[in-house]
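J.: Below is a structure I'd like to ask you about.
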Amino acid sequence: MGKKYRVGVIKGDGIGPEIIEATLYVVQYIDLDIELVELQAGYEYYKKTGKAIEDRFFEEVRKLDAILKGPLYTPPHDLNFRSVNVMIRKELDLYANIRPFKSFKSLSQKQFNLVIFRENTEGEYVGIEGMFNDIAISLRLISVKGAERISRLAFDYAKTMGFNKVVVIHKANILKISDGLFRNVFFKVAKEFPNIVAEEVIVDTAAYLLVKNPEKFQILVTPNLYGDILSDLVGGLMGSLGLCGSALVGDSIGVFEPIHGVALDIAGKGIANPVGSFVSLKLMLEYFGQRYGDSKAVKESKLLEKAIQNVVDEKRIWTPDLGGNYKTMDVAKAVAEELELLRKA
Ligand code: ATP
């Protein structure tokens with residue numbers, strides 16, 4: 001008997017419930033013992049109950065192996081509502097936001113396979129701001145601990161997954177102390193990995209090079225804000241934000257979610273692209289494989305990756321963001337069917 005996994009599910013706001021429904025459909029076709037536990041959180045939940053998360057939320061979370069999550073809405077106009085995303089990241093200390101981008105040959109002009117390791121708890125996102133007379137001030141925090149753990153995770157990942165180059169992205173020519181620290185700590189950690197090439201690229205140059213030659217990148221390590229922006233840029237190169245998934249990892253738990261937001265413009269229409277959420281599911285299986293040495297989970301993650309690739313590249317079951325006419329659940333059914341076919345092959 002393999003391990004039984006307890007996975008929390010946060011449906012989220014906007015297109016969240018639609019893509020999570022599609023993802024849970026695919027979960028039924030994964031050959032692992034997975035128990036799903038629904039967790040209530042988000043803006044819709046807040047509008048109904050006055051609470052952003054249910055009372056026993058973190059108590060429940062501590063009993064889980066992972067969380068599958070849809071995007072959560074944080075309205076800029078409602079000052080009483082604190083971002084649930086930030087709350088979860090802080091409480092669970094999810095310091096690494098890992099965003100793999102593997103191009104689909106039918107959708108990208110250039111083929112690439114790169115992973116952004118975005119520091120997820122510091123930088124500008126600590127949210128410490130204030131006014132000094134008529135000057136707005138925002139604090140940017142970069143710590144040795146923060147830079148060290150994201151760098152080490154990126155090098156470890158490179159070593160395990162067979163990449164041989166890791167690049168730190170910074171603006172240390174201008175932000176000499178904060179980004180300077182991030183850069184220096186990265187190169188200190190790099191010394192522990194003599195077989196992996198460590199390089200640096202200034203963030204604006206990185207934006208240019210990612211568009212021009214994305215195939216030259218493998219692993220990128222970035223402070224919080226740069227990783228956020230560069231991820232959406234690479235999402236554009238992929239063909240749609242709806243294709244990209246991510247893992248938010250700390251020492252205790254992993255949270256898996258698509259990189260896009262709530263996409264209110266298409267919510268409720270059944271046309272959201274669920275592939276990013278399927279990629280997140282794939283990352284969760286990979287995480288189980290590494291964390292628990294579960295070779296079956298690794299096999300399932302590879303199978304799911306292949307099924308997604310076949311559905312997008314060969315069968316071209318595309319939602320409207322990719323120029324197709326298929327619905328969210330059509331993609332889920334096609335991936336499930338493909339999983340069955342691959343198992344028989
Ligand atoms: P947030 O504030 O939560 O980040 P947003 O609307 O600013 O939300 P996104 O939700 O990421 O940003 O959407 C940006 C654009 O990408 C929108 O036009 C949206 O429709 C599109 N988009 C995002 N995700 C998907 C998806 N899964 N399928 C199709 N289109 C998507």
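Convention: chains lettered A, B, ... in structure tokens order; per-chain residue numbering from 1; ligands numbered from 1 as shown.
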Name each residue within 8 Å of ligand 1, counting only C-alpha atoms and all ligand atoms, as an mmCIF file with N, CA and C atoms, in the first residue's frame.
T.:
```cif
data_model
loop_
_atom_site.group_PDB
_atom_site.id
_atom_site.type_symbol
_atom_site.label_atom_id
_atom_site.label_comp_id
_atom_site.auth_asym_id
_atom_site.auth_seq_id
_atom_site.Cartn_x
_atom_site.Cartn_y
_atom_site.Cartn_z
ATOM 1 N N ILE A 15 -12.468 32.837 -11.642
ATOM 2 C CA ILE A 15 -12.461 31.559 -12.390
ATOM 3 C C ILE A 15 -11.975 30.388 -11.525
ATOM 4 N N ILE A 19 -11.749 26.246 -12.626
ATOM 5 C CA ILE A 19 -10.514 25.506 -12.927
ATOM 6 C C ILE A 19 -10.235 24.434 -11.868
ATOM 7 N N PRO A 71 -7.101 30.830 -7.670
ATOM 8 C CA PRO A 71 -6.705 32.200 -7.336
ATOM 9 C C PRO A 71 -7.701 32.839 -6.372
ATOM 10 N N LEU A 72 -7.209 33.727 -5.526
ATOM 11 C CA LEU A 72 -8.071 34.428 -4.564
ATOM 12 C C LEU A 72 -8.060 35.919 -4.871
ATOM 13 N N TYR A 73 -9.220 36.528 -4.758
ATOM 14 C CA TYR A 73 -9.357 37.950 -5.101
ATOM 15 C C TYR A 73 -9.069 38.832 -3.886
ATOM 16 N N THR A 74 -8.289 39.889 -4.102
ATOM 17 C CA THR A 74 -8.081 40.902 -3.057
ATOM 18 C C THR A 74 -8.518 42.240 -3.638
ATOM 19 N N PRO A 75 -9.721 42.710 -3.272
ATOM 20 C CA PRO A 75 -10.204 43.958 -3.872
ATOM 21 C C PRO A 75 -9.396 45.161 -3.384
ATOM 22 N N SER A 240 -0.228 32.010 -23.097
ATOM 23 C CA SER A 240 -1.314 32.452 -22.217
ATOM 24 C C SER A 240 -0.899 32.249 -20.771
ATOM 25 N N LEU A 241 -1.343 33.174 -19.920
ATOM 26 C CA LEU A 241 -1.099 32.997 -18.478
ATOM 27 C C LEU A 241 -1.798 31.733 -17.985
ATOM 28 N N GLY A 242 -2.865 31.377 -18.676
ATOM 29 C CA GLY A 242 -3.670 30.221 -18.288
ATOM 30 C C GLY A 242 -2.965 28.887 -18.435
ATOM 31 N N LEU A 243 -1.746 28.898 -18.981
ATOM 32 C CA LEU A 243 -1.002 27.637 -19.166
ATOM 33 C C LEU A 243 -0.001 27.370 -18.043
ATOM 34 N N PRO A 258 -2.274 27.918 -10.040
ATOM 35 C CA PRO A 258 -1.853 28.551 -11.295
ATOM 36 C C PRO A 258 -1.284 29.938 -11.009
ATOM 37 N N ILE A 259 -0.484 30.469 -11.922
ATOM 38 C CA ILE A 259 0.152 31.767 -11.615
ATOM 39 C C ILE A 259 -0.791 32.942 -11.883
ATOM 40 N N HIS A 260 -1.863 32.703 -12.631
ATOM 41 C CA HIS A 260 -2.745 33.825 -12.982
ATOM 42 C C HIS A 260 -3.655 34.219 -11.827
ATOM 43 N N GLY A 261 -4.354 35.337 -12.012
ATOM 44 C CA GLY A 261 -5.280 35.822 -10.998
ATOM 45 C C GLY A 261 -6.698 35.338 -11.259
ATOM 46 N N VAL A 262 -7.669 36.100 -10.738
ATOM 47 C CA VAL A 262 -9.059 35.636 -10.737
ATOM 48 C C VAL A 262 -9.776 35.824 -12.076
ATOM 49 N N ALA A 263 -9.167 36.563 -13.002
ATOM 50 C CA ALA A 263 -9.707 36.765 -14.365
ATOM 51 C C ALA A 263 -11.210 37.031 -14.364
ATOM 52 N N LEU A 264 -11.618 38.091 -13.687
ATOM 53 C CA LEU A 264 -13.055 38.381 -13.537
ATOM 54 C C LEU A 264 -13.740 38.590 -14.886
ATOM 55 N N ASP A 265 -12.950 39.010 -15.895
ATOM 56 C CA ASP A 265 -13.546 39.261 -17.221
ATOM 57 C C ASP A 265 -14.129 38.008 -17.864
ATOM 58 N N ILE A 266 -13.657 36.820 -17.469
ATOM 59 C CA ILE A 266 -14.184 35.595 -18.098
ATOM 60 C C ILE A 266 -14.815 34.645 -17.067
ATOM 61 N N ILE A 271 -15.079 29.032 -19.684
ATOM 62 C CA ILE A 271 -14.092 29.036 -20.775
ATOM 63 C C ILE A 271 -12.656 29.259 -20.278
ATOM 64 N N ALA A 272 -12.475 29.313 -18.946
ATOM 65 C CA ALA A 272 -11.119 29.535 -18.415
ATOM 66 C C ALA A 272 -10.224 28.359 -18.791
ATOM 67 N N ASN A 273 -8.995 28.655 -19.058
ATOM 68 C CA ASN A 273 -8.017 27.622 -19.391
ATOM 69 C C ASN A 273 -7.558 26.935 -18.089
ATOM 70 N N PRO A 274 -7.798 25.636 -17.943
ATOM 71 C CA PRO A 274 -7.432 24.975 -16.686
ATOM 72 C C PRO A 274 -6.016 24.387 -16.691
ATOM 73 N N VAL A 275 -5.285 24.550 -17.808
ATOM 74 C CA VAL A 275 -3.982 23.870 -17.943
ATOM 75 C C VAL A 275 -2.999 24.300 -16.838
ATOM 76 N N GLY A 276 -3.001 25.591 -16.489
ATOM 77 C CA GLY A 276 -2.100 26.072 -15.425
ATOM 78 C C GLY A 276 -2.359 25.335 -14.118
ATOM 79 N N THR A 319 -8.793 26.379 -25.243
ATOM 80 C CA THR A 319 -9.809 27.337 -24.788
ATOM 81 C C THR A 319 -9.609 28.665 -25.558
ATOM 82 N N PRO A 320 -10.572 29.610 -25.457
ATOM 83 C CA PRO A 320 -10.493 30.826 -26.281
ATOM 84 C C PRO A 320 -9.213 31.666 -26.110
ATOM 85 N N ASP A 321 -8.594 31.639 -24.912
ATOM 86 C CA ASP A 321 -7.354 32.418 -24.729
ATOM 87 C C ASP A 321 -6.251 31.937 -25.667
#
```
J.: Just the residues within 12 Å of segment 43-51 of chain A, please, counting only C-alpha atoms, with nothing from its chain fewer than 4 positions along; format it as JSON, numbers by chain.
T.: {"A": [10, 11, 12, 13, 14, 15, 16, 17, 39, 55, 56, 57, 71, 72, 73, 74, 75, 76, 78, 80, 81, 82, 83, 84, 85, 262]}
J.: What lies within 8 Å of Ser138 of chain A using only C-alpha atoms, ignoring chain neighbours under 5 positions off, as JSON, numbers by chain?
T.: {"A": [124, 127, 128, 129, 130]}
J.: Keeping only all heavy atoms, write the selected residues to a file as an mmCIF file, in the first residue's frame.
T.:
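The resulting file, selection-v4.cif, is reproduced below:
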```
data_model
loop_
_atom_site.group_PDB
_atom_site.id
_atom_site.type_symbol
_atom_site.label_atom_id
_atom_site.label_comp_id
_atom_site.auth_asym_id
_atom_site.auth_seq_id
_atom_site.Cartn_x
_atom_site.Cartn_y
_atom_site.Cartn_z
ATOM 1 N N GLU A 124 9.543 44.051 -1.545
ATOM 2 C CA GLU A 124 8.525 45.102 -1.409
ATOM 3 C C GLU A 124 7.241 44.538 -0.808
ATOM 4 O O GLU A 124 6.400 45.283 -0.303
ATOM 5 C CB GLU A 124 8.187 45.704 -2.780
ATOM 6 C CG GLU A 124 9.295 46.526 -3.420
ATOM 7 C CD GLU A 124 10.391 45.675 -4.047
ATOM 8 O OE1 GLU A 124 10.360 44.432 -3.945
ATOM 9 O OE2 GLU A 124 11.302 46.276 -4.646
ATOM 10 N N GLY A 127 4.971 44.837 2.593
ATOM 11 C CA GLY A 127 3.826 45.756 2.713
ATOM 12 C C GLY A 127 4.000 46.803 3.801
ATOM 13 O O GLY A 127 3.023 47.238 4.404
ATOM 14 N N ILE A 128 5.236 47.213 4.071
ATOM 15 C CA ILE A 128 5.444 48.266 5.072
ATOM 16 C C ILE A 128 5.579 49.594 4.328
ATOM 17 O O ILE A 128 6.598 49.861 3.692
ATOM 18 C CB ILE A 128 6.684 47.973 5.949
ATOM 19 C CG1 ILE A 128 6.554 46.579 6.570
ATOM 20 C CG2 ILE A 128 6.829 49.048 7.035
ATOM 21 C CD1 ILE A 128 7.776 46.111 7.322
ATOM 22 N N GLU A 129 4.503 50.400 4.379
ATOM 23 C CA GLU A 129 4.478 51.661 3.644
ATOM 24 C C GLU A 129 3.987 52.767 4.560
ATOM 25 O O GLU A 129 3.298 52.517 5.552
ATOM 26 C CB GLU A 129 3.495 51.559 2.473
ATOM 27 C CG GLU A 129 3.916 50.613 1.382
ATOM 28 C CD GLU A 129 3.037 50.793 0.152
ATOM 29 O OE1 GLU A 129 1.803 50.674 0.286
ATOM 30 O OE2 GLU A 129 3.584 51.084 -0.918
ATOM 31 N N GLY A 130 4.305 53.975 4.206
ATOM 32 C CA GLY A 130 3.788 55.086 4.997
ATOM 33 C C GLY A 130 3.999 56.405 4.284
ATOM 34 O O GLY A 130 4.638 56.459 3.221
#
```
J.: Of the residues A:Val86, A:Glu18, A:Asn164, A:Glu300, which is the one nearest to Asp33 of chain A, using only C-alpha atoms?
T.: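 Using only C-alpha atoms, Asp33 of chain A sits closest to A:Glu300.
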J.: Mind checking which residues fall within 7 Å of Val37 of chain A, counting only C-alpha atoms, ignoring those fewer than 2 positions away in the same chain, and posting them as a ChimeraX atom specification?
T.: /A:7-9,35,39
J.: Suppose you want the space between atom CA of Lys315 of chain A and atom CA of Lys212 of chain A; what is it in Å?
T.: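 Distance between the two atoms: 28.4 Å.
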J.: Step one, run DSSP on the backbone; step two, keep only residues of segment 235-290 of chain A assigned to strand (DSSP E); then write them as a PyMOL selection string.
T.: chain A and resi 245-249+254-258
J.: Give me the residues near Ile30 of chain A as a PDB file with N, CA, C and O atoms, in the first residue's frame, where near means some atom within 9 Å (using only C-alpha atoms) and where sequence neighbours in that chain fewer than 6 positions away do not count.
T.:
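Result file result_37.pdb:
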```pdb
ATOM      1  N   GLU A 300       3.454   9.187 -11.810  1.00  0.00           N
ATOM      2  CA  GLU A 300       2.168   9.828 -12.116  1.00  0.00           C
ATOM      3  C   GLU A 300       2.374  11.266 -12.612  1.00  0.00           C
ATOM      4  O   GLU A 300       1.665  11.730 -13.499  1.00  0.00           O
ATOM      5  N   SER A 301       3.345  11.964 -12.031  1.00  0.00           N
ATOM      6  CA  SER A 301       3.587  13.362 -12.450  1.00  0.00           C
ATOM      7  C   SER A 301       4.080  13.392 -13.904  1.00  0.00           C
ATOM      8  O   SER A 301       3.674  14.242 -14.692  1.00  0.00           O
ATOM      9  N   LEU A 304       1.126  12.648 -16.206  1.00  0.00           N
ATOM     10  CA  LEU A 304       0.236  13.808 -16.334  1.00  0.00           C
ATOM     11  C   LEU A 304       0.863  14.875 -17.237  1.00  0.00           C
ATOM     12  O   LEU A 304       0.183  15.472 -18.081  1.00  0.00           O
ATOM     13  N   ALA A 336      -7.957  13.621 -19.007  1.00  0.00           N
ATOM     14  CA  ALA A 336      -8.288  12.359 -18.322  1.00  0.00           C
ATOM     15  C   ALA A 336      -8.236  11.198 -19.322  1.00  0.00           C
ATOM     16  O   ALA A 336      -7.660  10.135 -19.041  1.00  0.00           O
ATOM     17  N   LEU A 339      -4.726  10.368 -20.227  1.00  0.00           N
ATOM     18  CA  LEU A 339      -4.064   9.616 -19.145  1.00  0.00           C
ATOM     19  C   LEU A 339      -4.392   8.132 -19.274  1.00  0.00           C
ATOM     20  O   LEU A 339      -3.512   7.270 -19.132  1.00  0.00           O
TER      21      LEU A 339
END
```
J.: Write down as a list in words the residues of segment 133-169 of chain A whose backbone DSSP state falls under alpha helix (DSSP H).
T.: Val144, Lys145, Gly146, Ala147, Glu148, Arg149, Ile150, Ser151, Arg152, Leu153, Ala154, Phe155, Asp156, Tyr157, Ala158, Lys159, Thr160 and Met161 of chain A
J.: Expressed in Å to a single decimal, how great is the separation between atom CA of Tyr29 of chain A and atom CA of Glu340 of chain A?
T.: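 Computed distance, atom CA of Tyr29 of chain A to atom CA of Glu340 of chain A, equals 7.7 Å.
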J.: What does the distance from atom CA of Leu175 of chain A to atom CA of Glu122 of chain A come to in Å, to one decimal?
T.: 15.2 Å
J.: Given the choices A:Arg118, A:Arg62, A:Lys302, A:Lys296, which gets closest to Leu32 of chain A if the distance is worked out from only C-alpha atoms?
T.: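 Checking each of A:Arg118, A:Arg62, A:Lys302, A:Lys296 against Leu32 of chain A, counting only C-alpha atoms, the winner is A:Lys296.
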J.: Residues at most 9 Å from segment 179-181 of chain A, counting only C-alpha atoms, excluding those fewer than 6 positions away in the same chain, as a short mmCIF file (atom, residue, chain, number, x, y, z; two decimals) with C-alpha atoms, in the first residue's frame?
T.:
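Output file out00.cif is given in full below:
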```cif
data_model
loop_
_atom_site.label_atom_id
_atom_site.label_comp_id
_atom_site.auth_asym_id
_atom_site.auth_seq_id
_atom_site.Cartn_x
_atom_site.Cartn_y
_atom_site.Cartn_z
CA ILE A 142 16.03 41.45 1.89
CA SER A 143 17.58 39.18 4.51
CA VAL A 144 20.55 36.81 4.44
CA ALA A 147 18.32 35.00 0.05
CA HIS A 170 19.09 41.57 -9.53
CA LYS A 171 19.59 45.32 -9.84
CA ALA A 172 22.63 45.52 -7.58
CA ASN A 173 24.21 48.21 -9.76
CA PRO A 223 13.83 38.67 -5.26
#
```
J.: Measuring atom to atom with only C-alpha atoms, identify which of A:Ala22, A:Gln218, A:Leu209, A:Lys165 is nearest to Asn113 of chain A.
T.: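 Of A:Ala22, A:Gln218, A:Leu209, A:Lys165, the one nearest Asn113 of chain A is A:Gln218, counting only C-alpha atoms.
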J.: Leaving out Val167 of chain A and any residue of its chain fewer than 6 positions from it, which residues lie within 10 Å of it when counting only C-alpha atoms, given as a list in words?
T.: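 Listing them by chain and then by number gives Ile116, Ser151, Ala154, Phe155, Arg183, Phe186, Phe187, Val197, Ala198, Glu199, Glu200, Val201, Ala206, Phe217, Gln218, Ile219, Leu220, Val221 and Thr222 of chain A.
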J.: I need the residues from that last selection saved to file as a PDB file, in the first residue's frame (with N, CA, C and O atoms), if you can.
T.:
```
ATOM      1  N   ILE A 116      11.544  29.702 -12.771  1.00  0.00           N
ATOM      2  CA  ILE A 116      11.825  30.890 -11.950  1.00  0.00           C
ATOM      3  C   ILE A 116      11.627  30.535 -10.476  1.00  0.00           C
ATOM      4  O   ILE A 116      10.561  30.038 -10.092  1.00  0.00           O
ATOM      5  N   SER A 151      18.089  30.546  -2.693  1.00  0.00           N
ATOM      6  CA  SER A 151      19.221  30.167  -3.557  1.00  0.00           C
ATOM      7  C   SER A 151      19.530  28.684  -3.412  1.00  0.00           C
ATOM      8  O   SER A 151      19.696  27.969  -4.401  1.00  0.00           O
ATOM      9  N   ALA A 154      17.048  26.498  -5.136  1.00  0.00           N
ATOM     10  CA  ALA A 154      17.196  26.535  -6.599  1.00  0.00           C
ATOM     11  C   ALA A 154      18.358  25.647  -7.053  1.00  0.00           C
ATOM     12  O   ALA A 154      18.234  24.895  -8.025  1.00  0.00           O
ATOM     13  N   PHE A 155      19.480  25.718  -6.346  1.00  0.00           N
ATOM     14  CA  PHE A 155      20.630  24.873  -6.721  1.00  0.00           C
ATOM     15  C   PHE A 155      20.321  23.387  -6.489  1.00  0.00           C
ATOM     16  O   PHE A 155      20.680  22.544  -7.306  1.00  0.00           O
ATOM     17  N   ARG A 183      22.547  39.125  -4.173  1.00  0.00           N
ATOM     18  CA  ARG A 183      23.530  38.630  -5.137  1.00  0.00           C
ATOM     19  C   ARG A 183      24.699  37.914  -4.436  1.00  0.00           C
ATOM     20  O   ARG A 183      25.096  36.816  -4.801  1.00  0.00           O
ATOM     21  N   PHE A 186      23.758  34.610  -2.921  1.00  0.00           N
ATOM     22  CA  PHE A 186      23.585  33.626  -4.009  1.00  0.00           C
ATOM     23  C   PHE A 186      24.934  33.017  -4.393  1.00  0.00           C
ATOM     24  O   PHE A 186      25.076  31.790  -4.487  1.00  0.00           O
ATOM     25  N   PHE A 187      25.942  33.882  -4.590  1.00  0.00           N
ATOM     26  CA  PHE A 187      27.247  33.355  -5.032  1.00  0.00           C
ATOM     27  C   PHE A 187      27.945  32.564  -3.922  1.00  0.00           C
ATOM     28  O   PHE A 187      28.733  31.664  -4.204  1.00  0.00           O
ATOM     29  N   VAL A 197      26.910  25.838 -13.033  1.00  0.00           N
ATOM     30  CA  VAL A 197      27.391  27.176 -13.402  1.00  0.00           C
ATOM     31  C   VAL A 197      26.492  28.220 -12.738  1.00  0.00           C
ATOM     32  O   VAL A 197      25.261  28.137 -12.827  1.00  0.00           O
ATOM     33  N   ALA A 198      27.100  29.210 -12.052  1.00  0.00           N
ATOM     34  CA  ALA A 198      26.330  30.292 -11.426  1.00  0.00           C
ATOM     35  C   ALA A 198      26.634  31.594 -12.153  1.00  0.00           C
ATOM     36  O   ALA A 198      27.800  31.963 -12.315  1.00  0.00           O
ATOM     37  N   GLU A 199      25.589  32.270 -12.621  1.00  0.00           N
ATOM     38  CA  GLU A 199      25.784  33.536 -13.346  1.00  0.00           C
ATOM     39  C   GLU A 199      24.843  34.593 -12.807  1.00  0.00           C
ATOM     40  O   GLU A 199      23.954  34.305 -12.013  1.00  0.00           O
ATOM     41  N   GLU A 200      25.026  35.842 -13.273  1.00  0.00           N
ATOM     42  CA  GLU A 200      24.128  36.922 -12.855  1.00  0.00           C
ATOM     43  C   GLU A 200      23.678  37.729 -14.066  1.00  0.00           C
ATOM     44  O   GLU A 200      24.423  37.883 -15.036  1.00  0.00           O
ATOM     45  N   VAL A 201      22.439  38.219 -14.014  1.00  0.00           N
ATOM     46  CA  VAL A 201      21.919  39.093 -15.071  1.00  0.00           C
ATOM     47  C   VAL A 201      21.115  40.203 -14.399  1.00  0.00           C
ATOM     48  O   VAL A 201      20.306  39.931 -13.496  1.00  0.00           O
ATOM     49  N   ALA A 206      17.521  40.983 -18.166  1.00  0.00           N
ATOM     50  CA  ALA A 206      16.855  39.668 -18.122  1.00  0.00           C
ATOM     51  C   ALA A 206      15.528  39.724 -18.881  1.00  0.00           C
ATOM     52  O   ALA A 206      15.196  38.795 -19.625  1.00  0.00           O
ATOM     53  N   PHE A 217      18.044  30.318 -20.966  1.00  0.00           N
ATOM     54  CA  PHE A 217      17.884  30.287 -19.512  1.00  0.00           C
ATOM     55  C   PHE A 217      17.500  28.889 -19.038  1.00  0.00           C
ATOM     56  O   PHE A 217      16.825  28.142 -19.744  1.00  0.00           O
ATOM     57  N   GLN A 218      17.933  28.565 -17.808  1.00  0.00           N
ATOM     58  CA  GLN A 218      17.508  27.302 -17.188  1.00  0.00           C
ATOM     59  C   GLN A 218      16.792  27.608 -15.866  1.00  0.00           C
ATOM     60  O   GLN A 218      15.588  27.596 -15.797  1.00  0.00           O
ATOM     61  N   ILE A 219      17.591  27.948 -14.823  1.00  0.00           N
ATOM     62  CA  ILE A 219      17.003  28.277 -13.525  1.00  0.00           C
ATOM     63  C   ILE A 219      17.316  29.739 -13.213  1.00  0.00           C
ATOM     64  O   ILE A 219      18.473  30.162 -13.329  1.00  0.00           O
ATOM     65  N   LEU A 220      16.293  30.504 -12.808  1.00  0.00           N
ATOM     66  CA  LEU A 220      16.492  31.911 -12.431  1.00  0.00           C
ATOM     67  C   LEU A 220      16.108  32.064 -10.961  1.00  0.00           C
ATOM     68  O   LEU A 220      15.067  31.535 -10.532  1.00  0.00           O
ATOM     69  N   VAL A 221      16.926  32.776 -10.191  1.00  0.00           N
ATOM     70  CA  VAL A 221      16.611  33.050  -8.788  1.00  0.00           C
ATOM     71  C   VAL A 221      16.403  34.553  -8.654  1.00  0.00           C
ATOM     72  O   VAL A 221      17.279  35.336  -9.054  1.00  0.00           O
ATOM     73  N   THR A 222      15.251  34.958  -8.105  1.00  0.00           N
ATOM     74  CA  THR A 222      14.948  36.395  -8.073  1.00  0.00           C
ATOM     75  C   THR A 222      14.369  36.833  -6.732  1.00  0.00           C
ATOM     76  O   THR A 222      13.667  36.062  -6.084  1.00  0.00           O
TER      77      THR A 222
END
```
